[in-house]
file data_20.cif (mmCIF, C-alpha atoms and all ligand atoms)
data_start
loop_
_atom_site.label_atom_id
_atom_site.label_comp_id
_atom_site.auth_asym_id
_atom_site.auth_seq_id
_atom_site.Cartn_x
_atom_site.Cartn_y
_atom_site.Cartn_z
CA MET Q 1 -45.53 126.43 180.75
CA LYS Q 2 -45.76 123.10 182.54
CA LYS Q 3 -43.41 120.26 181.68
CA THR Q 4 -45.11 116.94 181.01
CA THR Q 5 -43.18 113.68 181.13
CA CYS Q 6 -44.43 110.19 180.28
CA LEU Q 7 -42.63 107.18 181.71
CA HIS Q 8 -43.13 103.92 179.87
CA PRO Q 9 -41.83 101.05 182.03
CA LYS Q 10 -42.45 97.32 181.68
CA TRP Q 11 -44.25 97.23 185.02
CA ILE Q 12 -45.72 99.81 187.39
CA ILE Q 13 -45.97 98.90 191.06
CA PRO Q 14 -48.06 101.76 192.47
CA ILE Q 15 -48.25 100.35 196.06
CA GLU Q 16 -51.87 101.51 196.12
CA PRO Q 17 -53.88 99.34 195.53
CA HIS Q 18 -51.83 96.96 197.69
CA ALA Q 19 -49.75 94.35 195.81
CA SER Q 20 -50.92 95.47 192.37
CA VAL Q 21 -48.64 95.24 189.31
CA LEU Q 22 -49.62 96.98 186.08
CA SER Q 23 -48.36 96.09 182.57
CA ASP Q 24 -48.78 98.09 179.34
CA ALA Q 25 -49.25 101.13 181.55
CA SER Q 26 -47.52 104.51 181.58
CA LEU Q 27 -47.15 107.15 184.24
CA VAL Q 28 -47.70 110.79 183.34
CA MET Q 29 -46.27 113.59 185.44
CA GLU Q 30 -46.60 117.32 185.10
CA ASP Q 31 -43.83 119.28 186.81
CA ALA Q 32 -43.73 117.90 190.37
CA VAL Q 33 -47.04 116.04 190.36
CA ILE Q 34 -48.27 112.66 189.11
CA VAL Q 35 -51.15 113.25 186.69
CA GLY Q 36 -52.09 109.61 186.45
CA ILE Q 37 -51.40 106.12 185.21
CA MET Q 38 -53.02 105.09 181.93
CA PRO Q 39 -52.67 102.53 179.11
CA SER Q 40 -49.38 103.18 177.28
CA ALA Q 41 -50.98 103.62 173.87
CA ALA Q 42 -53.35 106.25 175.24
CA ALA Q 43 -50.52 108.11 177.00
CA ARG Q 44 -48.43 108.25 173.81
CA GLN Q 45 -51.39 109.57 171.87
CA GLN Q 46 -52.80 111.99 174.42
CA TYR Q 47 -49.41 113.41 175.41
CA ALA Q 48 -47.68 113.29 172.02
CA ASN Q 49 -45.75 116.51 172.73
CA ALA Q 50 -44.52 115.44 176.17
CA GLU Q 51 -41.08 114.07 176.95
CA HIS Q 52 -41.27 110.28 176.64
CA ILE Q 53 -38.88 108.04 178.55
CA ASP Q 54 -38.83 104.35 177.68
CA LEU Q 55 -37.90 101.95 180.45
CA PRO Q 56 -38.46 98.66 178.61
CA THR Q 57 -37.03 96.25 181.20
CA HIS Q 58 -37.81 98.26 184.30
CA ALA Q 59 -40.27 98.35 187.17
CA LEU Q 60 -41.48 101.79 188.23
CA LEU Q 61 -42.35 102.31 191.87
CA PRO Q 62 -42.39 105.03 194.53
CA GLY Q 63 -38.98 105.91 195.96
CA PHE Q 64 -37.99 104.38 199.28
CA VAL Q 65 -38.55 106.30 202.52
CA ASN Q 66 -35.62 105.73 204.85
CA LEU Q 67 -37.40 106.24 208.15
CA HIS Q 68 -34.36 106.30 210.43
CA ALA Q 69 -30.86 107.43 209.50
CA HIS Q 70 -27.92 109.43 210.77
CA SER Q 71 -26.69 110.38 207.32
CA ALA Q 72 -23.46 112.18 208.15
CA MET Q 73 -22.17 109.13 210.02
CA CYS Q 74 -21.19 107.60 206.68
CA LEU Q 75 -17.85 109.38 207.20
CA LEU Q 76 -17.40 107.12 210.27
CA ARG Q 77 -18.35 103.94 208.41
CA GLY Q 78 -16.10 101.06 209.45
CA LEU Q 79 -14.43 103.05 212.23
CA ALA Q 80 -15.71 100.71 214.96
CA ASP Q 81 -17.43 97.41 214.24
CA ASP Q 82 -18.36 94.23 216.09
CA LEU Q 83 -19.33 95.88 219.39
CA ALA Q 84 -22.47 96.19 221.55
CA LEU Q 85 -24.46 99.43 221.41
CA MET Q 86 -23.29 101.02 224.67
CA GLU Q 87 -19.59 100.21 224.22
CA TRP Q 88 -19.83 101.26 220.56
CA LEU Q 89 -21.39 104.60 221.55
CA HIS Q 90 -19.39 105.47 224.69
CA GLU Q 91 -15.93 104.30 223.65
CA HIS Q 92 -15.91 104.87 219.91
CA ILE Q 93 -18.67 106.86 218.27
CA TRP Q 94 -19.23 109.63 220.82
CA PRO Q 95 -15.48 110.33 221.27
CA ALA Q 96 -14.97 110.45 217.47
CA GLU Q 97 -18.00 112.72 217.09
CA LYS Q 98 -16.77 115.00 219.85
CA LYS Q 99 -13.43 115.42 218.12
CA HIS Q 100 -14.46 115.72 214.47
CA VAL Q 101 -18.12 116.55 214.00
CA SER Q 102 -18.56 120.10 212.72
CA GLU Q 103 -20.81 122.03 210.36
CA GLN Q 104 -18.53 121.01 207.47
CA PHE Q 105 -18.34 117.35 208.57
CA VAL Q 106 -22.13 117.10 208.71
CA PHE Q 107 -22.61 118.83 205.36
CA ASP Q 108 -20.01 116.67 203.61
CA GLY Q 109 -21.18 113.46 205.28
CA SER Q 110 -24.87 114.15 204.64
CA LEU Q 111 -24.26 114.93 200.99
CA HIS Q 112 -22.19 111.74 200.60
CA ALA Q 113 -24.92 109.68 202.27
CA MET Q 114 -27.58 111.26 200.07
CA ALA Q 115 -25.63 110.31 196.95
CA GLU Q 116 -25.47 106.73 198.24
CA MET Q 117 -29.17 106.76 199.08
CA ILE Q 118 -30.25 108.21 195.72
CA ARG Q 119 -28.14 105.56 193.95
CA GLY Q 120 -30.06 102.96 195.97
CA GLY Q 121 -33.52 104.34 195.22
CA THR Q 122 -34.17 106.24 198.43
CA THR Q 123 -36.02 109.51 197.78
CA THR Q 124 -36.86 110.57 201.35
CA VAL Q 125 -34.68 110.43 204.44
CA ASN Q 126 -35.79 110.92 208.03
CA ASP Q 127 -32.49 111.99 209.52
CA MET Q 128 -31.38 112.54 213.10
CA TYR Q 129 -28.09 114.26 213.77
CA PHE Q 130 -26.35 117.52 214.71
CA PHE Q 131 -25.67 120.79 212.85
CA HIS Q 132 -29.19 120.91 211.48
CA HIS Q 133 -28.50 123.71 209.01
CA ALA Q 134 -25.85 121.55 207.35
CA VAL Q 135 -28.25 118.60 206.96
CA ALA Q 136 -30.93 120.88 205.51
CA ARG Q 137 -28.45 122.49 203.09
CA ALA Q 138 -27.33 119.03 201.92
CA GLY Q 139 -30.96 118.09 201.35
CA VAL Q 140 -31.53 121.18 199.22
CA GLN Q 141 -28.33 120.59 197.22
CA SER Q 142 -28.99 116.88 196.59
CA GLY Q 143 -32.67 117.38 195.79
CA MET Q 144 -33.60 114.54 198.13
CA ARG Q 145 -36.69 114.99 200.29
CA THR Q 146 -35.16 115.53 203.72
CA VAL Q 147 -36.72 115.46 207.15
CA VAL Q 148 -34.15 116.95 209.51
CA GLY Q 149 -34.32 115.46 212.99
CA CYS Q 150 -33.10 118.11 215.40
CA SER Q 151 -31.34 116.03 218.06
CA VAL Q 152 -31.66 116.80 221.74
CA LEU Q 153 -29.33 115.37 224.39
CA GLU Q 154 -28.39 116.51 227.89
CA PHE Q 155 -24.62 116.41 227.49
CA PRO Q 156 -22.52 118.90 225.54
CA ASN Q 157 -20.82 118.29 222.22
CA ALA Q 158 -19.31 120.42 219.48
CA TYR Q 159 -22.78 121.62 218.49
CA CYS Q 160 -24.56 122.40 221.75
CA GLN Q 161 -24.01 122.99 225.43
CA ASP Q 162 -27.16 121.40 226.85
CA ALA Q 163 -30.74 120.42 226.03
CA ASP Q 164 -31.98 124.04 226.01
CA ASP Q 165 -29.25 124.97 223.55
CA TYR Q 166 -30.35 122.10 221.28
CA LEU Q 167 -33.95 123.29 221.45
CA GLN Q 168 -32.95 126.86 220.62
CA LYS Q 169 -30.93 125.67 217.60
CA ALA Q 170 -33.88 123.56 216.48
CA GLN Q 171 -36.13 126.62 216.52
CA ASP Q 172 -33.51 128.62 214.61
CA VAL Q 173 -33.20 126.13 211.77
CA ILE Q 174 -36.96 125.57 211.52
CA ARG Q 175 -37.40 129.34 211.20
CA ASP Q 176 -34.55 129.69 208.67
CA PHE Q 177 -35.84 126.96 206.36
CA ALA Q 178 -39.56 127.75 206.67
CA GLY Q 179 -41.22 127.29 203.29
CA GLN Q 180 -38.20 125.53 201.75
CA GLN Q 181 -39.55 122.90 199.36
CA GLY Q 182 -38.42 119.37 200.19
CA VAL Q 183 -37.14 120.12 203.69
CA ALA Q 184 -39.13 119.38 206.85
CA PHE Q 185 -38.22 119.03 210.50
CA LYS Q 186 -38.77 116.86 213.55
CA LEU Q 187 -37.60 117.27 217.11
CA ALA Q 188 -35.38 114.30 217.87
CA PRO Q 189 -34.73 113.57 221.54
CA HIS Q 190 -31.93 111.03 221.17
CA ALA Q 191 -33.16 108.34 223.57
CA PRO Q 192 -34.75 107.80 227.00
CA TYR Q 193 -31.27 107.30 228.53
CA THR Q 194 -29.85 110.59 227.20
CA VAL Q 195 -32.82 112.92 227.77
CA SER Q 196 -34.34 113.93 231.13
CA ASP Q 197 -38.03 114.15 232.03
CA ALA Q 198 -37.81 117.93 232.14
CA SER Q 199 -36.38 118.06 228.61
CA PHE Q 200 -38.96 115.59 227.27
CA LYS Q 201 -41.70 117.89 228.61
CA LYS Q 202 -40.16 120.90 226.87
CA ILE Q 203 -39.79 118.90 223.64
CA ILE Q 204 -43.46 117.84 223.68
CA ALA Q 205 -44.59 121.44 224.25
CA LEU Q 206 -42.28 122.85 221.57
CA ALA Q 207 -43.27 120.18 219.03
CA GLN Q 208 -46.91 121.16 219.54
CA GLN Q 209 -46.13 124.85 219.27
CA LEU Q 210 -44.14 124.38 216.03
CA SER Q 211 -46.47 121.68 214.60
CA VAL Q 212 -43.62 119.22 214.07
CA GLY Q 213 -43.39 115.54 214.95
CA ILE Q 214 -40.94 113.76 217.24
CA HIS Q 215 -38.37 111.09 216.36
CA CYS Q 216 -36.66 109.13 219.17
CA HIS Q 217 -34.71 105.89 219.70
CA ILE Q 218 -36.88 103.75 221.99
CA HIS Q 219 -36.38 100.27 223.49
CA GLU Q 220 -33.33 99.59 221.34
CA SER Q 221 -31.27 97.45 223.74
CA VAL Q 222 -31.69 95.45 226.97
CA ASP Q 223 -29.17 97.82 228.50
CA GLU Q 224 -31.55 100.72 227.94
CA LEU Q 225 -34.35 98.82 229.71
CA ALA Q 226 -32.11 97.94 232.68
CA THR Q 227 -30.91 101.54 233.05
CA SER Q 228 -34.49 102.78 233.06
CA MET Q 229 -35.59 100.24 235.67
CA LYS Q 230 -32.70 101.35 237.88
CA GLU Q 231 -33.21 105.10 237.44
CA TYR Q 232 -36.97 105.41 237.02
CA GLY Q 233 -38.38 102.09 238.29
CA VAL Q 234 -40.22 101.51 235.01
CA ARG Q 235 -39.34 100.59 231.42
CA PRO Q 236 -38.83 103.54 229.04
CA LEU Q 237 -42.18 103.19 227.23
CA ALA Q 238 -44.08 103.43 230.54
CA ARG Q 239 -42.05 106.50 231.50
CA LEU Q 240 -42.53 108.16 228.12
CA ASP Q 241 -46.25 107.45 228.24
CA GLN Q 242 -46.51 109.14 231.65
CA LEU Q 243 -44.75 112.14 230.11
CA GLY Q 244 -47.26 112.22 227.23
CA LEU Q 245 -44.74 111.48 224.46
CA LEU Q 246 -46.60 108.52 222.93
CA SER Q 247 -48.86 109.80 220.16
CA PRO Q 248 -49.37 109.65 216.36
CA GLN Q 249 -46.76 112.46 216.16
CA LEU Q 250 -44.05 110.08 217.43
CA ILE Q 251 -41.74 107.88 215.37
CA ALA Q 252 -40.16 105.33 217.71
CA ALA Q 253 -36.94 104.03 216.19
CA HIS Q 254 -36.00 100.37 216.79
CA VAL Q 255 -38.48 99.13 219.45
CA VAL Q 256 -36.55 95.87 219.51
CA HIS Q 257 -37.87 94.92 222.94
CA ALA Q 258 -41.62 95.20 223.47
CA ASP Q 259 -43.91 92.83 225.35
CA ASP Q 260 -47.55 92.28 224.39
CA ALA Q 261 -48.79 95.07 226.67
CA GLU Q 262 -46.25 97.51 225.22
CA ILE Q 263 -47.26 96.60 221.67
CA ALA Q 264 -50.89 97.21 222.62
CA LEU Q 265 -49.91 100.55 224.17
CA LEU Q 266 -48.05 101.66 221.02
CA GLN Q 267 -51.10 100.74 218.94
CA GLN Q 268 -53.49 102.59 221.27
CA ARG Q 269 -51.37 105.72 221.17
CA GLY Q 270 -50.96 105.58 217.37
CA VAL Q 271 -47.14 105.58 217.58
CA HIS Q 272 -45.25 104.77 214.36
CA VAL Q 273 -42.27 102.40 214.51
CA ALA Q 274 -39.08 102.69 212.43
CA HIS Q 275 -37.70 99.18 212.00
CA ASN Q 276 -33.91 98.91 211.50
CA PRO Q 277 -33.22 95.23 210.98
CA ALA Q 278 -29.55 95.39 209.90
CA SER Q 279 -28.47 97.74 212.68
CA ASN Q 280 -30.36 95.69 215.28
CA LEU Q 281 -28.58 92.54 214.14
CA LYS Q 282 -25.13 94.11 213.88
CA LEU Q 283 -25.26 95.62 217.38
CA ALA Q 284 -26.90 92.38 218.64
CA SER Q 285 -29.76 94.51 219.94
CA GLY Q 286 -32.20 91.74 219.01
CA MET Q 287 -35.06 90.99 216.65
CA ALA Q 288 -38.01 93.37 216.76
CA ARG Q 289 -41.48 91.76 216.88
CA ILE Q 290 -42.56 93.26 213.58
CA HIS Q 291 -45.15 90.62 212.74
CA SER Q 292 -46.86 91.08 216.12
CA MET Q 293 -46.77 94.86 215.70
CA GLN Q 294 -48.33 94.68 212.26
CA MET Q 295 -50.97 92.20 213.46
CA ALA Q 296 -51.78 94.67 216.24
CA GLY Q 297 -52.25 97.42 213.65
CA ILE Q 298 -49.12 99.49 214.30
CA ASN Q 299 -47.72 101.37 211.31
CA VAL Q 300 -44.13 100.16 210.79
CA GLY Q 301 -41.73 101.81 208.36
CA LEU Q 302 -38.20 100.81 207.46
CA GLY Q 303 -34.87 102.50 208.20
CA THR Q 304 -31.21 101.78 207.68
CA ASP Q 305 -29.96 103.59 210.79
CA GLY Q 306 -26.58 105.28 210.40
CA SER Q 307 -23.96 103.67 208.24
CA ALA Q 308 -21.65 103.25 211.23
CA SER Q 309 -24.00 100.50 212.46
CA ASN Q 310 -25.31 98.85 209.29
CA ASN Q 311 -22.98 99.63 207.32
CA LYS Q 312 -24.99 100.33 204.15
CA LEU Q 313 -27.68 102.89 203.42
CA ASP Q 314 -29.35 100.23 201.32
CA MET Q 315 -33.13 100.06 201.59
CA LEU Q 316 -33.35 97.10 199.19
CA ALA Q 317 -31.03 95.07 201.40
CA ASP Q 318 -32.89 96.05 204.56
CA MET Q 319 -36.25 95.32 202.99
CA ARG Q 320 -35.12 91.78 202.20
CA LEU Q 321 -33.66 91.38 205.67
CA ALA Q 322 -36.87 92.67 207.28
CA ALA Q 323 -38.93 90.13 205.36
CA LEU Q 324 -36.61 87.24 206.24
CA LEU Q 325 -36.32 88.21 209.91
CA ALA Q 326 -40.05 88.67 210.41
CA LYS Q 327 -40.59 85.07 209.33
CA THR Q 328 -37.99 83.54 211.64
CA GLN Q 329 -38.78 85.84 214.57
CA SER Q 330 -42.49 84.97 214.44
CA ASP Q 331 -41.99 81.35 213.34
CA GLU Q 332 -44.39 82.16 210.52
CA PRO Q 333 -43.17 81.95 206.88
CA THR Q 334 -46.12 84.00 205.64
CA ALA Q 335 -45.13 86.96 207.86
CA LEU Q 336 -44.15 90.18 206.07
CA ASN Q 337 -44.60 88.96 202.51
CA ALA Q 338 -42.88 90.71 199.61
CA ALA Q 339 -45.71 93.16 198.93
CA GLN Q 340 -45.93 94.05 202.63
CA ALA Q 341 -42.17 94.57 202.82
CA LEU Q 342 -42.29 96.89 199.80
CA GLU Q 343 -45.12 98.86 201.37
CA MET Q 344 -43.14 99.11 204.61
CA ALA Q 345 -40.25 100.67 202.68
CA THR Q 346 -42.47 103.20 200.89
CA LEU Q 347 -46.02 104.11 201.94
CA SER Q 348 -45.68 103.13 205.62
CA GLY Q 349 -42.64 105.38 205.96
CA ALA Q 350 -44.52 108.23 204.31
CA LYS Q 351 -47.43 107.67 206.70
CA ALA Q 352 -45.11 107.77 209.72
CA LEU Q 353 -43.80 111.12 208.50
CA GLY Q 354 -47.30 112.47 207.94
CA LEU Q 355 -46.50 112.67 204.22
CA ASP Q 356 -48.75 109.89 202.91
CA ARG Q 357 -51.03 112.33 201.13
CA GLU Q 358 -48.02 113.66 199.25
CA ILE Q 359 -45.72 110.68 198.60
CA GLY Q 360 -45.35 106.94 199.22
CA SER Q 361 -47.39 105.59 196.31
CA LEU Q 362 -47.88 106.32 192.62
CA VAL Q 363 -51.30 107.90 192.73
CA ALA Q 364 -52.68 110.88 190.78
CA GLY Q 365 -52.17 114.09 192.71
CA LYS Q 366 -49.18 112.90 194.74
CA TYR Q 367 -45.69 114.24 194.14
CA ALA Q 368 -43.56 112.41 191.61
CA ASP Q 369 -41.06 110.69 193.95
CA ILE Q 370 -40.38 107.75 191.65
CA ILE Q 371 -37.68 105.18 190.98
CA ALA Q 372 -37.04 102.73 188.16
CA ILE Q 373 -35.40 99.37 188.83
CA ASP Q 374 -33.98 97.52 185.83
CA LEU Q 375 -34.81 93.83 186.23
CA SER Q 376 -33.01 92.70 183.05
CA ALA Q 377 -29.90 91.54 184.94
CA LEU Q 378 -29.00 87.86 184.94
CA GLU Q 379 -29.62 87.85 188.70
CA THR Q 380 -33.25 88.91 188.26
CA THR Q 381 -34.16 86.93 185.11
CA PRO Q 382 -36.73 85.47 184.59
CA VAL Q 383 -39.39 87.63 186.25
CA TYR Q 384 -42.51 85.79 187.38
CA ASP Q 385 -43.41 88.44 189.93
CA PRO Q 386 -41.64 91.82 189.87
CA ILE Q 387 -42.48 92.52 193.54
CA SER Q 388 -40.87 89.27 194.64
CA GLN Q 389 -37.89 89.95 192.38
CA ILE Q 390 -37.36 93.44 193.82
CA VAL Q 391 -37.68 92.39 197.46
CA TYR Q 392 -35.81 89.09 197.40
CA ALA Q 393 -33.38 89.23 194.47
CA ALA Q 394 -32.61 92.73 193.16
CA GLY Q 395 -29.58 94.75 194.26
CA ARG Q 396 -29.41 98.51 194.65
CA GLU Q 397 -27.09 98.75 191.62
CA GLN Q 398 -30.19 97.88 189.56
CA VAL Q 399 -31.86 101.18 190.46
CA SER Q 400 -31.45 103.12 187.22
CA ASP Q 401 -33.48 106.34 187.53
CA VAL Q 402 -34.71 108.50 190.38
CA TRP Q 403 -37.10 111.46 190.47
CA VAL Q 404 -37.97 113.55 193.52
CA HIS Q 405 -40.74 116.13 193.29
CA GLY Q 406 -40.70 115.54 189.54
CA ARG Q 407 -37.02 116.48 189.27
CA CYS Q 408 -34.70 113.82 187.88
CA LEU Q 409 -31.83 113.16 190.33
CA MET Q 410 -30.41 110.12 188.55
CA ARG Q 411 -30.75 109.03 184.92
CA GLY Q 412 -29.25 105.75 183.73
CA ARG Q 413 -27.19 105.48 186.97
CA GLN Q 414 -25.73 108.99 186.46
CA LEU Q 415 -26.27 111.37 189.36
CA LEU Q 416 -27.53 114.72 188.09
CA THR Q 417 -27.36 116.91 191.22
CA LEU Q 418 -24.21 115.53 192.85
CA ASP Q 419 -20.66 114.77 191.72
CA SER Q 420 -19.65 111.35 193.03
CA GLY Q 421 -15.94 111.91 192.22
CA ALA Q 422 -15.83 115.09 194.28
CA LEU Q 423 -17.75 113.41 197.12
CA MET Q 424 -15.21 110.60 197.25
CA GLU Q 425 -12.28 113.01 197.33
CA THR Q 426 -13.87 114.85 200.24
CA ALA Q 427 -14.54 111.58 202.07
CA LEU Q 428 -10.89 110.55 201.66
CA ALA Q 429 -9.76 113.89 203.07
CA TRP Q 430 -11.96 113.26 206.14
CA GLN Q 431 -10.55 109.74 206.48
CA ALA Q 432 -7.00 111.11 206.55
CA LYS Q 433 -7.99 113.54 209.31
CA ILE Q 434 -9.98 111.06 211.41
CA ALA Q 435 -7.49 108.20 211.09
CA ALA Q 436 -4.68 110.54 212.16
ZN ZN A 501 -30.26 105.41 215.24
#
call {"tool": "encode", "arguments": {"input": "data_20.cif", "output": "structure tokens"}}
result
Amino acid sequence: MKKTTCLHPKWIIPIEPHASVLSDASLVMEDAVIVGIMPSAAARQQYANAEHIDLPTHALLPGFVNLHAHSAMCLLRGLADDLALMEWLHEHIWPAEKKHVSEQFVFDGSLHAMAEMIRGGTTTVNDMYFFHHAVARAGVQSGMRTVVGCSVLEFPNAYCQDADDYLQKAQDVIRDFAGQQGVAFKLAPHAPYTVSDASFKKIIALAQQLSVGIHCHIHESVDELATSMKEYGVRPLARLDQLGLLSPQLIAAHVVHADDAEIALLQQRGVHVAHNPASNLKLASGMARIHSMQMAGINVGLGTDGSASNNKLDMLADMRLAALLAKTQSDEPTALNAAQALEMATLSGAKALGLDREIGSLVAGKYADIIAIDLSALETTPVYDPISQIVYAAGREQVSDVWVHGRCLMRGRQLLTLDSGALMETALAWQAKIAA
């Protein structure tokens, strides 16, 4: 027997059609799938025996797709701040990871991050880290839609000896979780400066063989560009294009530095970009040319990056920041308007993941990955335009309810799959260990 649920919010923002806002409308879902959106009176009559949930001051919209994160790093949040990318990585993050990162660390950290993300309205995460089984297990336990990025680097750490070892472990986890609902995989070469040509070639071949996409940091800092010029005589994008990496199967994280020709190249190859405005600002990596990319027709989604470089897994905050930055960076106040920013945080991320037929908008037939945001707070009253209010004024504490695949993960701010008290105790135990 199928379970039917009717949600009756004040507004529905379906994302498709673009910028539309519906009133006096209800969303009907049956098990995991959205049946449709219809006038509220009709829904109450036609589905009289369904479960009815009233959300009288809320906007209903698709959950956010966090297109670039290193979830488990939330256990390292605040460990090293106010540094440039290379110093931050080499002198702080990589040594701490070498010493502490384990299967248990990644499971605990991922679960903690997922609780934070669910509380902020994120329903899908595109992760990139180590101990892939632990990330996948956390995804299953939290109920969050999880794309596990199987990292590849040349140098050894607690997880792997070398690039081949990483690739073997990627194949193992993809085999072990085959058919697991809500868990998908990508191969995730860390960056052009940590992965050799030979490994990139193997990654491209394996991704094709396994029918998975690729997720890689690209053109994040000027340092990365200088290193590439010195070692390869070309910028990373030119090198990666020669290797055949640039394609619609690639999500390029950051792309802070791209000239006009490189933007045209990304568009021609159909590469998706994961924009991480807060992390780029905090590490002083720069301001990505998002307006130019969008004008060129590149699909750009939004990510938080890891919480050691943000330091919040807060898609609402990053959506606002993305909109503000796009205007100043392009000297164009109409750039990345509120509706475009909201689409970037939802449907564009789904498209980058190849999941736009399944999630990313509230359309009949798609999975019910849905959030409700309560706009009745003083800070978001009055409401002339709910899209504007969500992008420019709402805080993540206003996210009240979250469903993924039709399953309710948070109701009235209460997490239903995770225990926040237990997560905090575990995080404090890790702090005691790491600080010592
Ligand atoms: Zn990153």
call {"tool": "closest_residue", "arguments": {"input": "data_20.cif", "among": "Q:Ala59, Q:Ile218, Q:Met293, Q:Leu67", "to": "Thr146 in chain Q", "atoms": "all atoms listed in the file"}}
result
Q:Leu67
call {"tool": "closest_atom_pairs", "arguments": {"input": "data_20.cif", "of": "chain Q", "to": "ligand ZN 501 (chain A)", "cutoff": "7 Å", "atoms": "all atoms listed in the file", "output": "Markdown table"}}
result
| residue | atom | partner | partner_atom | distance |
| --- | --- | --- | --- | --- |
| Q:His68 | CA | A:ZN501 | ZN | 6.4 |
| Q:Ala69 | CA | A:ZN501 | ZN | 6.1 |
| Q:His70 | CA | A:ZN501 | ZN | 6.5 |
| Q:His217 | CA | A:ZN501 | ZN | 6.3 |
| Q:Ala253 | CA | A:ZN501 | ZN | 6.9 |
| Q:Asp305 | CA | A:ZN501 | ZN | 4.8 |
| Q:Gly306 | CA | A:ZN501 | ZN | 6.1 |
call {"tool": "closest_residue", "arguments": {"input": "data_20.cif", "among": "Q:Pro382, Q:Glu332, Q:Arg407, Q:Pro17", "to": "Ala368 in chain Q", "atoms": "all atoms listed in the file"}}
result
Q:Arg407
call {"tool": "atom_distance", "arguments": {"input": "data_20.cif", "atom1": "CA of Lys2 in chain Q", "atom2": "CA of Ser23 in chain Q"}}
result
27.1 Å
call {"tool": "residues_around", "arguments": {"input": "data_20.cif", "residues": "range 186-199 of chain Q", "least_positions_apart": "3", "cutoff": "10 Å", "atoms": "all atoms listed in the file", "output": "JSON list (two decimals) with C-alpha atoms, in the frame of the given file"}}
result
[["chain", "number", "residue", "atom", "x", "y", "z"],
["Q", 126, "ASN", "CA", -35.79, 110.92, 208.03],
["Q", 127, "ASP", "CA", -32.49, 111.99, 209.52],
["Q", 128, "MET", "CA", -31.38, 112.54, 213.10],
["Q", 129, "TYR", "CA", -28.09, 114.26, 213.77],
["Q", 147, "VAL", "CA", -36.72, 115.46, 207.15],
["Q", 148, "VAL", "CA", -34.15, 116.95, 209.51],
["Q", 149, "GLY", "CA", -34.32, 115.46, 212.99],
["Q", 150, "CYS", "CA", -33.10, 118.11, 215.40],
["Q", 151, "SER", "CA", -31.34, 116.03, 218.06],
["Q", 152, "VAL", "CA", -31.66, 116.80, 221.74],
["Q", 153, "LEU", "CA", -29.33, 115.37, 224.39],
["Q", 154, "GLU", "CA", -28.39, 116.51, 227.89],
["Q", 155, "PHE", "CA", -24.62, 116.41, 227.49],
["Q", 162, "ASP", "CA", -27.16, 121.40, 226.85],
["Q", 163, "ALA", "CA", -30.74, 120.42, 226.03],
["Q", 164, "ASP", "CA", -31.98, 124.04, 226.01],
["Q", 166, "TYR", "CA", -30.35, 122.10, 221.28],
["Q", 167, "LEU", "CA", -33.95, 123.29, 221.45],
["Q", 170, "ALA", "CA", -33.88, 123.56, 216.48],
["Q", 171, "GLN", "CA", -36.13, 126.62, 216.52],
["Q", 174, "ILE", "CA", -36.96, 125.57, 211.52],
["Q", 202, "LYS", "CA", -40.16, 120.90, 226.87],
["Q", 203, "ILE", "CA", -39.79, 118.90, 223.64],
["Q", 204, "ILE", "CA", -43.46, 117.84, 223.68],
["Q", 205, "ALA", "CA", -44.59, 121.44, 224.25],
["Q", 206, "LEU", "CA", -42.28, 122.85, 221.57],
["Q", 207, "ALA", "CA", -43.27, 120.18, 219.03],
["Q", 210, "LEU", "CA", -44.14, 124.38, 216.03],
["Q", 211, "SER", "CA", -46.47, 121.68, 214.60],
["Q", 212, "VAL", "CA", -43.62, 119.22, 214.07],
["Q", 213, "GLY", "CA", -43.39, 115.54, 214.95],
["Q", 214, "ILE", "CA", -40.94, 113.76, 217.24],
["Q", 215, "HIS", "CA", -38.37, 111.09, 216.36],
["Q", 216, "CYS", "CA", -36.66, 109.13, 219.17],
["Q", 217, "HIS", "CA", -34.71, 105.89, 219.70],
["Q", 218, "ILE", "CA", -36.88, 103.75, 221.99],
["Q", 219, "HIS", "CA", -36.38, 100.27, 223.49],
["Q", 220, "GLU", "CA", -33.33, 99.59, 221.34],
["Q", 223, "ASP", "CA", -29.17, 97.82, 228.50],
["Q", 224, "GLU", "CA", -31.55, 100.72, 227.94],
["Q", 225, "LEU", "CA", -34.35, 98.82, 229.71],
["Q", 227, "THR", "CA", -30.91, 101.54, 233.05],
["Q", 228, "SER", "CA", -34.49, 102.78, 233.06],
["Q", 231, "GLU", "CA", -33.21, 105.10, 237.44],
["Q", 235, "ARG", "CA", -39.34, 100.59, 231.42],
["Q", 236, "PRO", "CA", -38.83, 103.54, 229.04],
["Q", 237, "LEU", "CA", -42.18, 103.19, 227.23],
["Q", 239, "ARG", "CA", -42.05, 106.50, 231.50],
["Q", 240, "LEU", "CA", -42.53, 108.16, 228.12],
["Q", 242, "GLN", "CA", -46.51, 109.14, 231.65],
["Q", 243, "LEU", "CA", -44.75, 112.14, 230.11],
["Q", 249, "GLN", "CA", -46.76, 112.46, 216.16],
["Q", 250, "LEU", "CA", -44.05, 110.08, 217.43],
["Q", 251, "ILE", "CA", -41.74, 107.88, 215.37],
["Q", 252, "ALA", "CA", -40.16, 105.33, 217.71],
["Q", 253, "ALA", "CA", -36.94, 104.03, 216.19],
["Q", 353, "LEU", "CA", -43.80, 111.12, 208.50]]
call {"tool": "closest_residue", "arguments": {"input": "data_20.cif", "among": "Q:Cys74, Q:Leu83, Q:Ala335, Q:Val402", "to": "Pro62 in chain Q", "atoms": "all atoms listed in the file"}}
result
Q:Val402
call {"tool": "residues_around", "arguments": {"input": "data_20.cif", "residues": "Val183 in chain Q", "least_positions_apart": "6", "cutoff": "12 Å", "atoms": "all atoms listed in the file", "output": "list in words"}}
result
Thr124, Val125, Asn126, Asp127, His132, His133, Ala134, Val135, Ala136, Arg137, Ala138, Gly139, Val140, Gln141, Ser142, Gly143, Met144, Arg145, Thr146, Val147, Val148, Gly149, Val173, Ile174, Arg175, Asp176, Phe177, Leu355 and His405 of chain Q
